[in-house]
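*Asks:* Provided below: final-v8.cif, containing mmCIF, C-alpha atoms, pLDDT in the B column; chains and numbers go by the auth columns.
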data_work
#
loop_
_atom_site.group_PDB
_atom_site.id
_atom_site.type_symbol
_atom_site.label_atom_id
_atom_site.label_comp_id
_atom_site.label_asym_id
_atom_site.label_seq_id
_atom_site.Cartn_x
_atom_site.Cartn_y
_atom_site.Cartn_z
_atom_site.B_iso_or_equiv
_atom_site.auth_seq_id
_atom_site.auth_asym_id
ATOM 1 C CA MET A 1 -80.521 8.509 -12.585 92.00 1 A
ATOM 2 C CA LEU A 2 -77.739 9.172 -15.081 94.00 2 A
ATOM 3 C CA GLU A 3 -76.312 11.990 -12.952 96.00 3 A
ATOM 4 C CA LEU A 4 -76.271 9.697 -9.908 96.00 4 A
ATOM 5 C CA PHE A 5 -74.528 6.949 -11.882 97.00 5 A
ATOM 6 C CA ASP A 6 -71.985 9.359 -13.360 97.00 6 A
ATOM 7 C CA ARG A 7 -71.102 10.830 -9.981 97.00 7 A
ATOM 8 C CA GLN A 8 -70.990 7.686 -7.856 98.00 8 A
ATOM 9 C CA LEU A 9 -69.565 5.076 -10.238 97.00 9 A
ATOM 10 C CA ARG A 10 -67.423 7.180 -12.539 98.00 10 A
ATOM 11 C CA ARG A 11 -66.232 10.436 -10.975 97.00 11 A
ATOM 12 C CA GLN A 12 -66.049 8.994 -7.440 97.00 12 A
ATOM 13 C CA ALA A 13 -65.085 5.455 -8.456 96.00 13 A
ATOM 14 C CA ARG A 14 -63.435 3.119 -5.962 93.00 14 A
ATOM 15 C CA PRO A 15 -60.584 0.781 -6.980 92.00 15 A
ATOM 16 C CA GLU A 16 -61.386 -2.793 -8.002 86.00 16 A
ATOM 17 C CA GLY A 17 -59.167 -5.254 -6.178 78.00 17 A
ATOM 18 C CA PRO A 18 -56.686 -4.986 -3.327 79.00 18 A
ATOM 19 C CA ASP A 19 -53.756 -3.702 -5.390 86.00 19 A
ATOM 20 C CA ALA A 20 -55.624 -1.325 -7.708 92.00 20 A
ATOM 21 C CA ARG A 21 -55.776 2.416 -7.249 96.00 21 A
ATOM 22 C CA VAL A 22 -57.982 5.157 -8.682 97.00 22 A
ATOM 23 C CA GLU A 23 -56.209 8.337 -9.733 98.00 23 A
ATOM 24 C CA ARG A 24 -57.699 11.717 -10.529 96.00 24 A
ATOM 25 C CA ALA A 25 -55.265 13.226 -12.995 93.00 25 A
ATOM 26 C CA GLY A 26 -56.205 16.499 -14.645 90.00 26 A
ATOM 27 C CA ASN A 27 -59.488 15.995 -16.453 96.00 27 A
ATOM 28 C CA VAL A 28 -59.682 12.200 -16.197 98.00 28 A
ATOM 29 C CA VAL A 29 -60.355 9.570 -13.556 98.00 29 A
ATOM 30 C CA ARG A 30 -58.442 6.353 -14.232 98.00 30 A
ATOM 31 C CA GLN A 31 -57.771 3.022 -12.571 98.00 31 A
ATOM 32 C CA VAL A 32 -54.307 1.533 -12.437 97.00 32 A
ATOM 33 C CA ALA A 33 -53.876 -2.115 -11.492 93.00 33 A
ATOM 34 C CA PRO A 34 -50.995 -4.589 -11.716 87.00 34 A
ATOM 35 C CA GLY A 35 -51.029 -7.938 -13.499 80.00 35 A
ATOM 36 C CA HIS A 36 -54.520 -9.230 -14.227 80.00 36 A
ATOM 37 C CA GLY A 37 -56.316 -6.106 -12.975 87.00 37 A
ATOM 38 C CA TRP A 38 -58.307 -3.713 -15.166 93.00 38 A
ATOM 39 C CA ASN A 39 -56.526 -0.575 -16.365 97.00 39 A
ATOM 40 C CA GLY A 40 -58.337 2.291 -17.979 98.00 40 A
ATOM 41 C CA VAL A 41 -60.108 5.634 -18.029 98.00 41 A
ATOM 42 C CA LEU A 42 -63.368 5.636 -16.094 98.00 42 A
ATOM 43 C CA TRP A 43 -64.431 9.249 -16.590 98.00 43 A
ATOM 44 C CA SER A 44 -63.273 12.289 -18.510 98.00 44 A
ATOM 45 C CA GLY A 45 -64.291 15.928 -18.559 97.00 45 A
ATOM 46 C CA LEU A 46 -62.878 17.087 -21.890 98.00 46 A
ATOM 47 C CA ASP A 47 -63.616 19.672 -24.552 98.00 47 A
ATOM 48 C CA GLU A 48 -62.402 20.444 -28.065 97.00 48 A
ATOM 49 C CA ARG A 49 -59.404 22.373 -26.744 97.00 49 A
ATOM 50 C CA ASN A 50 -57.882 19.774 -24.402 97.00 50 A
ATOM 51 C CA ALA A 51 -59.162 16.391 -25.633 98.00 51 A
ATOM 52 C CA ASP A 52 -56.222 15.437 -27.877 98.00 52 A
ATOM 53 C CA ALA A 53 -53.620 16.419 -25.280 97.00 53 A
ATOM 54 C CA GLU A 54 -55.410 14.480 -22.527 98.00 54 A
ATOM 55 C CA ILE A 55 -55.701 11.391 -24.748 98.00 55 A
ATOM 56 C CA ALA A 56 -51.992 11.587 -25.588 98.00 56 A
ATOM 57 C CA GLU A 57 -51.150 11.899 -21.899 98.00 57 A
ATOM 58 C CA GLN A 58 -53.056 8.710 -21.033 98.00 58 A
ATOM 59 C CA VAL A 59 -51.363 6.829 -23.873 98.00 59 A
ATOM 60 C CA ARG A 60 -47.997 8.024 -22.578 98.00 60 A
ATOM 61 C CA TYR A 61 -48.816 7.211 -18.952 98.00 61 A
ATOM 62 C CA PHE A 62 -50.026 3.658 -19.476 97.00 62 A
ATOM 63 C CA GLY A 63 -47.333 3.082 -22.076 97.00 63 A
ATOM 64 C CA GLU A 64 -44.655 3.858 -19.493 97.00 64 A
ATOM 65 C CA LEU A 65 -46.319 1.346 -17.179 95.00 65 A
ATOM 66 C CA GLY A 66 -46.255 -1.248 -19.968 95.00 66 A
ATOM 67 C CA GLN A 67 -49.988 -1.764 -19.593 94.00 67 A
ATOM 68 C CA PRO A 68 -52.672 -2.023 -22.271 96.00 68 A
ATOM 69 C CA PHE A 69 -55.676 -0.028 -21.174 98.00 69 A
ATOM 70 C CA GLU A 70 -59.286 0.778 -21.972 98.00 70 A
ATOM 71 C CA TRP A 71 -61.010 4.122 -22.411 98.00 71 A
ATOM 72 C CA LYS A 72 -64.616 3.518 -21.385 98.00 72 A
ATOM 73 C CA LEU A 73 -66.573 5.884 -23.619 98.00 73 A
ATOM 74 C CA TYR A 74 -70.199 6.699 -22.822 98.00 74 A
ATOM 75 C CA GLY A 75 -72.681 8.167 -25.267 98.00 75 A
ATOM 76 C CA TYR A 76 -72.918 11.451 -23.354 98.00 76 A
ATOM 77 C CA ASP A 77 -69.166 12.053 -23.024 98.00 77 A
ATOM 78 C CA ARG A 78 -67.738 15.183 -24.600 98.00 78 A
ATOM 79 C CA PRO A 79 -66.555 16.416 -26.978 98.00 79 A
ATOM 80 C CA GLY A 80 -69.004 14.889 -29.426 97.00 80 A
ATOM 81 C CA ASP A 81 -66.207 13.553 -31.636 98.00 81 A
ATOM 82 C CA LEU A 82 -64.290 11.896 -28.802 98.00 82 A
ATOM 83 C CA ASP A 83 -64.740 8.523 -30.502 98.00 83 A
ATOM 84 C CA ARG A 84 -62.968 9.758 -33.649 98.00 84 A
ATOM 85 C CA ARG A 85 -60.184 11.298 -31.582 98.00 85 A
ATOM 86 C CA LEU A 86 -59.613 7.980 -29.813 98.00 86 A
ATOM 87 C CA LEU A 87 -59.472 6.154 -33.147 98.00 87 A
ATOM 88 C CA ALA A 88 -56.911 8.668 -34.423 98.00 88 A
ATOM 89 C CA ALA A 89 -54.796 8.024 -31.316 98.00 89 A
ATOM 90 C CA GLY A 90 -54.586 4.301 -32.031 98.00 90 A
ATOM 91 C CA PHE A 91 -57.490 2.926 -29.975 98.00 91 A
ATOM 92 C CA THR A 92 -59.622 0.027 -31.219 98.00 92 A
ATOM 93 C CA PRO A 93 -63.342 -0.066 -30.381 98.00 93 A
ATOM 94 C CA GLU A 94 -64.961 -3.211 -29.047 97.00 94 A
ATOM 95 C CA PRO A 95 -68.698 -3.903 -29.491 95.00 95 A
ATOM 96 C CA ALA A 96 -70.931 -1.218 -28.009 97.00 96 A
ATOM 97 C CA GLU A 97 -73.177 -2.090 -25.081 97.00 97 A
ATOM 98 C CA THR A 98 -76.184 -0.395 -23.505 98.00 98 A
ATOM 99 C CA LEU A 99 -75.945 1.176 -20.066 98.00 99 A
ATOM 100 C CA MET A 100 -79.095 -0.005 -18.290 98.00 100 A
ATOM 101 C CA ILE A 101 -80.223 1.026 -14.806 98.00 101 A
ATOM 102 C CA ALA A 102 -83.156 -0.032 -12.651 97.00 102 A
ATOM 103 C CA GLU A 103 -84.569 0.975 -9.307 97.00 103 A
ATOM 104 C CA ILE A 104 -84.737 -2.376 -7.548 97.00 104 A
ATOM 105 C CA GLY A 105 -88.085 -1.574 -5.968 94.00 105 A
ATOM 106 C CA ARG A 106 -89.639 -1.593 -9.434 93.00 106 A
ATOM 107 C CA LEU A 107 -88.248 -4.982 -10.456 93.00 107 A
ATOM 108 C CA PRO A 108 -89.920 -8.375 -10.123 88.00 108 A
ATOM 109 C CA LEU A 109 -87.813 -10.081 -7.481 89.00 109 A
ATOM 110 C CA GLU A 110 -89.336 -13.502 -7.950 88.00 110 A
ATOM 111 C CA GLY A 111 -87.873 -15.919 -10.445 85.00 111 A
ATOM 112 C CA GLU A 112 -86.654 -19.464 -9.985 91.00 112 A
ATOM 113 C CA PRO A 113 -84.439 -21.480 -12.348 95.00 113 A
ATOM 114 C CA PRO A 114 -86.035 -24.193 -14.492 95.00 114 A
ATOM 115 C CA GLU A 115 -86.609 -27.663 -13.127 95.00 115 A
ATOM 116 C CA GLY A 116 -83.390 -29.571 -12.658 95.00 116 A
ATOM 117 C CA VAL A 117 -81.251 -26.435 -12.212 97.00 117 A
ATOM 118 C CA ARG A 118 -80.140 -24.989 -8.892 97.00 118 A
ATOM 119 C CA LEU A 119 -78.311 -21.748 -8.089 97.00 119 A
ATOM 120 C CA VAL A 120 -75.218 -22.195 -5.934 97.00 120 A
ATOM 121 C CA PRO A 121 -73.329 -19.309 -4.264 97.00 121 A
ATOM 122 C CA VAL A 122 -69.627 -19.144 -5.088 97.00 122 A
ATOM 123 C CA THR A 123 -67.329 -18.442 -2.161 95.00 123 A
ATOM 124 C CA GLY A 124 -63.967 -19.997 -3.030 95.00 124 A
ATOM 125 C CA PRO A 125 -61.636 -21.464 -5.659 95.00 125 A
ATOM 126 C CA ASP A 126 -63.772 -24.509 -6.516 96.00 126 A
ATOM 127 C CA GLY A 127 -66.746 -22.352 -7.406 96.00 127 A
ATOM 128 C CA VAL A 128 -64.542 -19.931 -9.317 95.00 128 A
ATOM 129 C CA GLU A 129 -63.321 -22.822 -11.469 95.00 129 A
ATOM 130 C CA LEU A 130 -66.917 -23.742 -12.304 95.00 130 A
ATOM 131 C CA MET A 131 -67.685 -20.127 -13.207 95.00 131 A
ATOM 132 C CA ALA A 132 -64.581 -19.924 -15.402 92.00 132 A
ATOM 133 C CA ASP A 133 -65.682 -23.060 -17.259 92.00 133 A
ATOM 134 C CA VAL A 134 -69.043 -21.416 -18.002 93.00 134 A
ATOM 135 C CA HIS A 135 -67.326 -18.160 -18.976 89.00 135 A
ATOM 136 C CA GLU A 136 -65.149 -19.916 -21.536 89.00 136 A
ATOM 137 C CA SER A 137 -68.062 -21.876 -23.001 88.00 137 A
ATOM 138 C CA ALA A 138 -70.573 -19.013 -23.043 87.00 138 A
ATOM 139 C CA PHE A 139 -68.306 -16.214 -24.281 84.00 139 A
ATOM 140 C CA GLY A 140 -65.543 -18.135 -26.063 81.00 140 A
ATOM 141 C CA THR A 141 -62.767 -16.278 -24.255 77.00 141 A
ATOM 142 C CA PRO A 142 -60.022 -17.595 -21.936 75.00 142 A
ATOM 143 C CA GLY A 143 -60.923 -17.517 -18.252 69.00 143 A
ATOM 144 C CA THR A 144 -57.449 -16.993 -16.779 74.00 144 A
ATOM 145 C CA HIS A 145 -57.795 -13.321 -15.854 78.00 145 A
ATOM 146 C CA PHE A 146 -61.423 -13.887 -14.941 84.00 146 A
ATOM 147 C CA ARG A 147 -60.349 -16.440 -12.307 89.00 147 A
ATOM 148 C CA GLU A 148 -57.698 -14.207 -10.805 87.00 148 A
ATOM 149 C CA ARG A 149 -59.869 -11.086 -10.625 86.00 149 A
ATOM 150 C CA LEU A 150 -62.820 -12.948 -9.132 91.00 150 A
ATOM 151 C CA LEU A 151 -60.644 -14.522 -6.443 90.00 151 A
ATOM 152 C CA ASP A 152 -59.374 -11.035 -5.547 87.00 152 A
ATOM 153 C CA GLN A 153 -62.945 -9.709 -5.345 88.00 153 A
ATOM 154 C CA LEU A 154 -64.092 -12.590 -3.149 92.00 154 A
ATOM 155 C CA ALA A 155 -61.188 -11.917 -0.799 89.00 155 A
ATOM 156 C CA GLU A 156 -62.253 -8.265 -0.591 88.00 156 A
ATOM 157 C CA GLY A 157 -65.877 -9.215 0.095 90.00 157 A
ATOM 158 C CA GLU A 158 -67.237 -6.882 -2.582 90.00 158 A
ATOM 159 C CA VAL A 159 -68.816 -9.376 -4.975 95.00 159 A
ATOM 160 C CA VAL A 160 -71.747 -11.797 -5.000 97.00 160 A
ATOM 161 C CA ALA A 161 -71.108 -14.726 -7.343 97.00 161 A
ATOM 162 C CA LEU A 162 -73.187 -17.753 -8.220 97.00 162 A
ATOM 163 C CA VAL A 163 -73.247 -20.647 -10.632 97.00 163 A
ATOM 164 C CA ALA A 164 -76.258 -22.500 -12.032 97.00 164 A
ATOM 165 C CA MET A 165 -75.810 -26.258 -11.849 97.00 165 A
ATOM 166 C CA ALA A 166 -77.686 -28.943 -13.789 97.00 166 A
ATOM 167 C CA GLY A 167 -76.723 -31.947 -11.717 96.00 167 A
ATOM 168 C CA ASP A 168 -72.945 -31.762 -11.530 95.00 168 A
ATOM 169 C CA VAL A 169 -72.581 -29.655 -14.677 96.00 169 A
ATOM 170 C CA PRO A 170 -72.234 -25.841 -14.541 96.00 170 A
ATOM 171 C CA VAL A 171 -74.544 -24.318 -17.161 97.00 171 A
ATOM 172 C CA SER A 172 -74.653 -20.613 -16.277 96.00 172 A
ATOM 173 C CA ALA A 173 -72.906 -18.154 -13.987 96.00 173 A
ATOM 174 C CA ALA A 174 -73.071 -14.520 -12.954 96.00 174 A
ATOM 175 C CA ARG A 175 -71.718 -12.054 -10.455 96.00 175 A
ATOM 176 C CA MET A 176 -72.713 -8.774 -8.848 97.00 176 A
ATOM 177 C CA ASP A 177 -70.120 -6.169 -7.921 96.00 177 A
ATOM 178 C CA LEU A 178 -70.907 -4.193 -4.773 95.00 178 A
ATOM 179 C CA HIS A 179 -69.985 -0.509 -4.558 95.00 179 A
ATOM 180 C CA PRO A 180 -69.870 0.467 -0.879 94.00 180 A
ATOM 181 C CA GLY A 181 -70.834 4.057 -0.188 95.00 181 A
ATOM 182 C CA THR A 182 -73.022 4.248 -3.306 97.00 182 A
ATOM 183 C CA ARG A 183 -76.598 3.294 -4.150 98.00 183 A
ATOM 184 C CA PHE A 184 -75.482 0.922 -6.919 98.00 184 A
ATOM 185 C CA ALA A 185 -74.654 -2.719 -7.377 98.00 185 A
ATOM 186 C CA SER A 186 -73.524 -3.822 -10.848 98.00 186 A
ATOM 187 C CA LEU A 187 -74.542 -6.997 -12.664 98.00 187 A
ATOM 188 C CA TRP A 188 -71.913 -8.773 -14.754 95.00 188 A
ATOM 189 C CA GLY A 189 -71.672 -12.052 -16.589 87.00 189 A
ATOM 190 C CA GLY A 190 -74.950 -13.885 -16.816 85.00 190 A
ATOM 191 C CA GLY A 191 -73.437 -16.180 -19.414 90.00 191 A
ATOM 192 C CA THR A 192 -75.244 -19.428 -20.202 94.00 192 A
ATOM 193 C CA VAL A 193 -73.829 -22.323 -22.214 94.00 193 A
ATOM 194 C CA PRO A 194 -75.548 -22.563 -25.623 93.00 194 A
ATOM 195 C CA GLU A 195 -77.620 -25.690 -25.024 94.00 195 A
ATOM 196 C CA TRP A 196 -79.272 -24.193 -21.901 95.00 196 A
ATOM 197 C CA ARG A 197 -80.242 -20.791 -23.288 93.00 197 A
ATOM 198 C CA GLY A 198 -83.859 -19.687 -23.547 92.00 198 A
ATOM 199 C CA ARG A 199 -85.025 -21.534 -20.420 94.00 199 A
ATOM 200 C CA GLY A 200 -85.250 -18.656 -17.943 94.00 200 A
ATOM 201 C CA ILE A 201 -81.888 -19.107 -16.213 96.00 201 A
ATOM 202 C CA TYR A 202 -80.737 -15.549 -16.968 94.00 202 A
ATOM 203 C CA ARG A 203 -83.935 -14.113 -15.460 94.00 203 A
ATOM 204 C CA ALA A 204 -83.445 -16.248 -12.335 96.00 204 A
ATOM 205 C CA LEU A 205 -79.864 -15.005 -12.001 96.00 205 A
ATOM 206 C CA VAL A 206 -81.045 -11.380 -12.183 96.00 206 A
ATOM 207 C CA ALA A 207 -83.764 -11.965 -9.559 96.00 207 A
ATOM 208 C CA TYR A 208 -81.325 -13.696 -7.201 96.00 208 A
ATOM 209 C CA ARG A 209 -78.834 -10.859 -7.396 97.00 209 A
ATOM 210 C CA ALA A 210 -81.537 -8.215 -7.030 97.00 210 A
ATOM 211 C CA ARG A 211 -82.679 -9.828 -3.779 96.00 211 A
ATOM 212 C CA GLU A 212 -79.089 -9.943 -2.559 97.00 212 A
ATOM 213 C CA ALA A 213 -78.631 -6.252 -3.418 97.00 213 A
ATOM 214 C CA VAL A 214 -81.720 -5.290 -1.407 97.00 214 A
ATOM 215 C CA ALA A 215 -80.453 -7.303 1.558 97.00 215 A
ATOM 216 C CA ARG A 216 -77.227 -5.285 1.441 96.00 216 A
ATOM 217 C CA GLY A 217 -78.953 -1.900 1.303 97.00 217 A
ATOM 218 C CA TYR A 218 -78.634 -1.051 -2.406 98.00 218 A
ATOM 219 C CA ASP A 219 -81.571 0.387 -4.321 96.00 219 A
ATOM 220 C CA HIS A 220 -80.212 0.582 -7.907 98.00 220 A
ATOM 221 C CA LEU A 221 -78.805 -2.021 -10.296 98.00 221 A
ATOM 222 C CA GLN A 222 -76.570 -1.161 -13.237 98.00 222 A
ATOM 223 C CA VAL A 223 -75.718 -3.331 -16.255 98.00 223 A
ATOM 224 C CA ASP A 224 -73.569 -2.884 -19.359 97.00 224 A
ATOM 225 C CA ALA A 225 -75.922 -4.961 -21.487 96.00 225 A
ATOM 226 C CA SER A 226 -75.091 -6.881 -24.632 93.00 226 A
ATOM 227 C CA SER A 227 -77.550 -7.075 -27.508 92.00 227 A
ATOM 228 C CA GLN A 228 -78.601 -10.513 -26.200 89.00 228 A
ATOM 229 C CA SER A 229 -79.370 -9.440 -22.631 92.00 229 A
ATOM 230 C CA ARG A 230 -80.862 -6.024 -23.409 95.00 230 A
ATOM 231 C CA PRO A 231 -84.340 -7.325 -24.467 95.00 231 A
ATOM 232 C CA ILE A 232 -84.631 -9.467 -21.330 93.00 232 A
ATOM 233 C CA LEU A 233 -83.633 -6.591 -19.060 96.00 233 A
ATOM 234 C CA LEU A 234 -86.102 -4.235 -20.749 96.00 234 A
ATOM 235 C CA ARG A 235 -88.912 -6.718 -20.081 95.00 235 A
ATOM 236 C CA LEU A 236 -87.851 -6.929 -16.440 94.00 236 A
ATOM 237 C CA GLY A 237 -88.052 -3.152 -16.002 96.00 237 A
ATOM 238 C CA PHE A 238 -84.535 -1.836 -16.626 97.00 238 A
ATOM 239 C CA GLU A 239 -84.184 1.449 -18.508 97.00 239 A
ATOM 240 C CA ALA A 240 -81.785 1.948 -21.403 98.00 240 A
ATOM 241 C CA ILE A 241 -79.858 5.111 -20.482 97.00 241 A
ATOM 242 C CA THR A 242 -77.050 5.478 -23.031 97.00 242 A
ATOM 243 C CA THR A 243 -74.386 3.479 -24.839 97.00 243 A
ATOM 244 C CA THR A 244 -70.981 2.469 -23.553 98.00 244 A
ATOM 245 C CA THR A 245 -68.119 1.405 -25.802 98.00 245 A
ATOM 246 C CA PRO A 246 -64.699 0.117 -24.716 98.00 246 A
ATOM 247 C CA TYR A 247 -61.855 1.670 -26.694 98.00 247 A
ATOM 248 C CA VAL A 248 -58.738 -0.426 -26.187 98.00 248 A
ATOM 249 C CA HIS A 249 -55.114 0.675 -26.570 98.00 249 A
ATOM 250 C CA GLU A 250 -52.505 -2.064 -26.659 93.00 250 A
#
Let me see the file written as structure tokens.

*Replies:*
Amino acid sequence: MLELFDRQLRRQARPEGPDARVERAGNVVRQVAPGHGWNGVLWSGLDERNADAEIAEQVRYFGELGQPFEWKLYGYDRPGDLDRRLLAAGFTPEPAETLMIAEIGRLPLEGEPPEGVRLVPVTGPDGVELMADVHESAFGTPGTHFRERLLDQLAEGEVVALVAMAGDVPVSAARMDLHPGTRFASLWGGGTVPEWRGRGIYRALVAYRAREAVARGYDHLQVDASSQSRPILLRLGFEAITTTTPYVHE
């Protein structure tokens, strides 16, 4: 499962968004995107001899573009001290997450939201605004780039997005990125405003997206899980594969 993930979503990654591009430069695979897009290293094949030079080259490259970028470090990446080398090169680690993968056929696909809550597909700007409101409340971070990236993804047709509504109030939201040509769809978000947590909305969001993935021909789901979502996903049947830590260079 890990080999399949590594090959399809890292080494053979497709660009996110209409203006992004994926470059294979030496021993790294990176994405370059303008404006609000994500910039960073998706995969690296390094060893003790070339790691420092390759890190310096990425710092130089993105620096010339004037772009902050992220080095997405996985627990199985080499060399074993790559994390320390990134720190020495001026990167700052963000909280580690758990890479979790599930074969959809082994997941419970049932799961409805609690009474009084309905799940609404997001297809345009009005729904994106509702999702951004949830994002800001649930995660405490500005939703500006979130809005712009999600609108790009909707235009490309490679995302499934939905918002949970309690009456006219958005209380939770999530999306699923589709990866055409692979066996994977990726779950992101799943943020719920504090007063609605612990009522089964997150589980319902996972089940909804799993059903949508099956309908589109995918048979694996992948999640970079926070410490809050990891226990729920384990109970649903996801497997914890390794860790993933964003190292950010400004």

*Asks:* List the residues selected by the PyMOL selection byres ((chain A and resi 16-26) around 8) in the file shown, writing them as a list in words.

*Replies:* Ala13, Arg14, Pro15, Asn27, Val28, Val29, Arg30, Gln31, Val32, Ala33, Pro34, Gly37, Trp38, Arg149, Asp152, Gln153 and Glu156 of chain A

*Asks:* Expand the PyMOL selection byres ((chain A and resi 230) around 12) into the individual residues it matches in the shown file, reporting them as a list of chain:residue names.

*Replies:*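 What the PyMOL selection byres ((chain A and resi 230) around 12) grabs from the file is A:Ala96, A:Glu97, A:Thr98, A:Leu99, A:Met100, A:Ile101, A:Gly190, A:Tyr202, A:Arg203, A:Val223, A:Asp224, A:Ala225, A:Ser226, A:Ser227, A:Gln228, A:Ser229, A:Pro231, A:Ile232, A:Leu233, A:Leu234, A:Arg235, A:Leu236, A:Gly237, A:Phe238, A:Glu239, A:Ala240, A:Ile241, A:Thr243.
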
*Asks:* Go through A:Val41, A:Met165, A:Val160, A:Val171 and flag the residue nearest Pro68 of chain A, using all atoms listed in the file for the distances.

*Replies:*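 Smallest separation from Pro68 of chain A among the options: A:Val41.
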
*Asks:* Do you know which residues are at most 7 Å from segment 138-144 of chain A counting all atoms listed in the file, after dropping those on the same chain fewer than 4 positions away, and could you put them as an MDAnalysis selection string?

*Replies:* chainID A and resid 132 134 148 191:194

*Asks:* Could you turn the residues from that selection into a file that holds C-alpha atoms, as a PDB file, in the frame of the given file?

*Replies:*
ATOM      1  CA  ALA A 132     -64.581 -19.924 -15.402  1.00 92.00           C
ATOM      2  CA  VAL A 134     -69.043 -21.416 -18.002  1.00 93.00           C
ATOM      3  CA  GLU A 148     -57.698 -14.207 -10.805  1.00 87.00           C
ATOM      4  CA  GLY A 191     -73.437 -16.180 -19.414  1.00 90.00           C
ATOM      5  CA  THR A 192     -75.244 -19.428 -20.202  1.00 94.00           C
ATOM      6  CA  VAL A 193     -73.829 -22.323 -22.214  1.00 94.00           C
ATOM      7  CA  PRO A 194     -75.548 -22.563 -25.623  1.00 93.00           C
TER       8      PRO A 194
END

*Asks:* Find the residues near segment 2-12 of chain A: any atom within 8 Å, counting only C-alpha atoms, skip ones fewer than 3 places away on the same chain, and give them as a list of chain:residue names.

*Replies:*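 The residues satisfying every condition are A:Val29, A:Leu42, A:Trp43, A:His179, A:Thr182, A:Phe184, A:Ile241.
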
*Asks:* Pull out every residue that the PyMOL selection byres ((chain A and resi 71) around 12) matches in the shown coordinates and put them as JSON, numbers by chain.

*Replies:* {"A": [28, 29, 30, 31, 38, 39, 40, 41, 42, 43, 44, 54, 55, 58, 59, 62, 68, 69, 70, 72, 73, 74, 77, 82, 83, 85, 86, 87, 89, 90, 91, 92, 93, 94, 244, 245, 246, 247, 248, 249, 250]}

*Asks:* Which one is closest to Leu162 of chain A: A:Phe146, A:Trp196, A:Tyr61, A:Tyr208? Count all atoms listed in the file.

*Replies:*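 Looking only at the distances to Leu162 of chain A, the closest residue turns out to be A:Tyr208.
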
*Asks:* What's the separation between atom CA of Val117 of chain A and atom CA of Pro170 of chain A, in Å to one decimal place?

*Replies:*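 Going from atom CA of Val117 of chain A over to atom CA of Pro170 of chain A, I get 9.3 Å.
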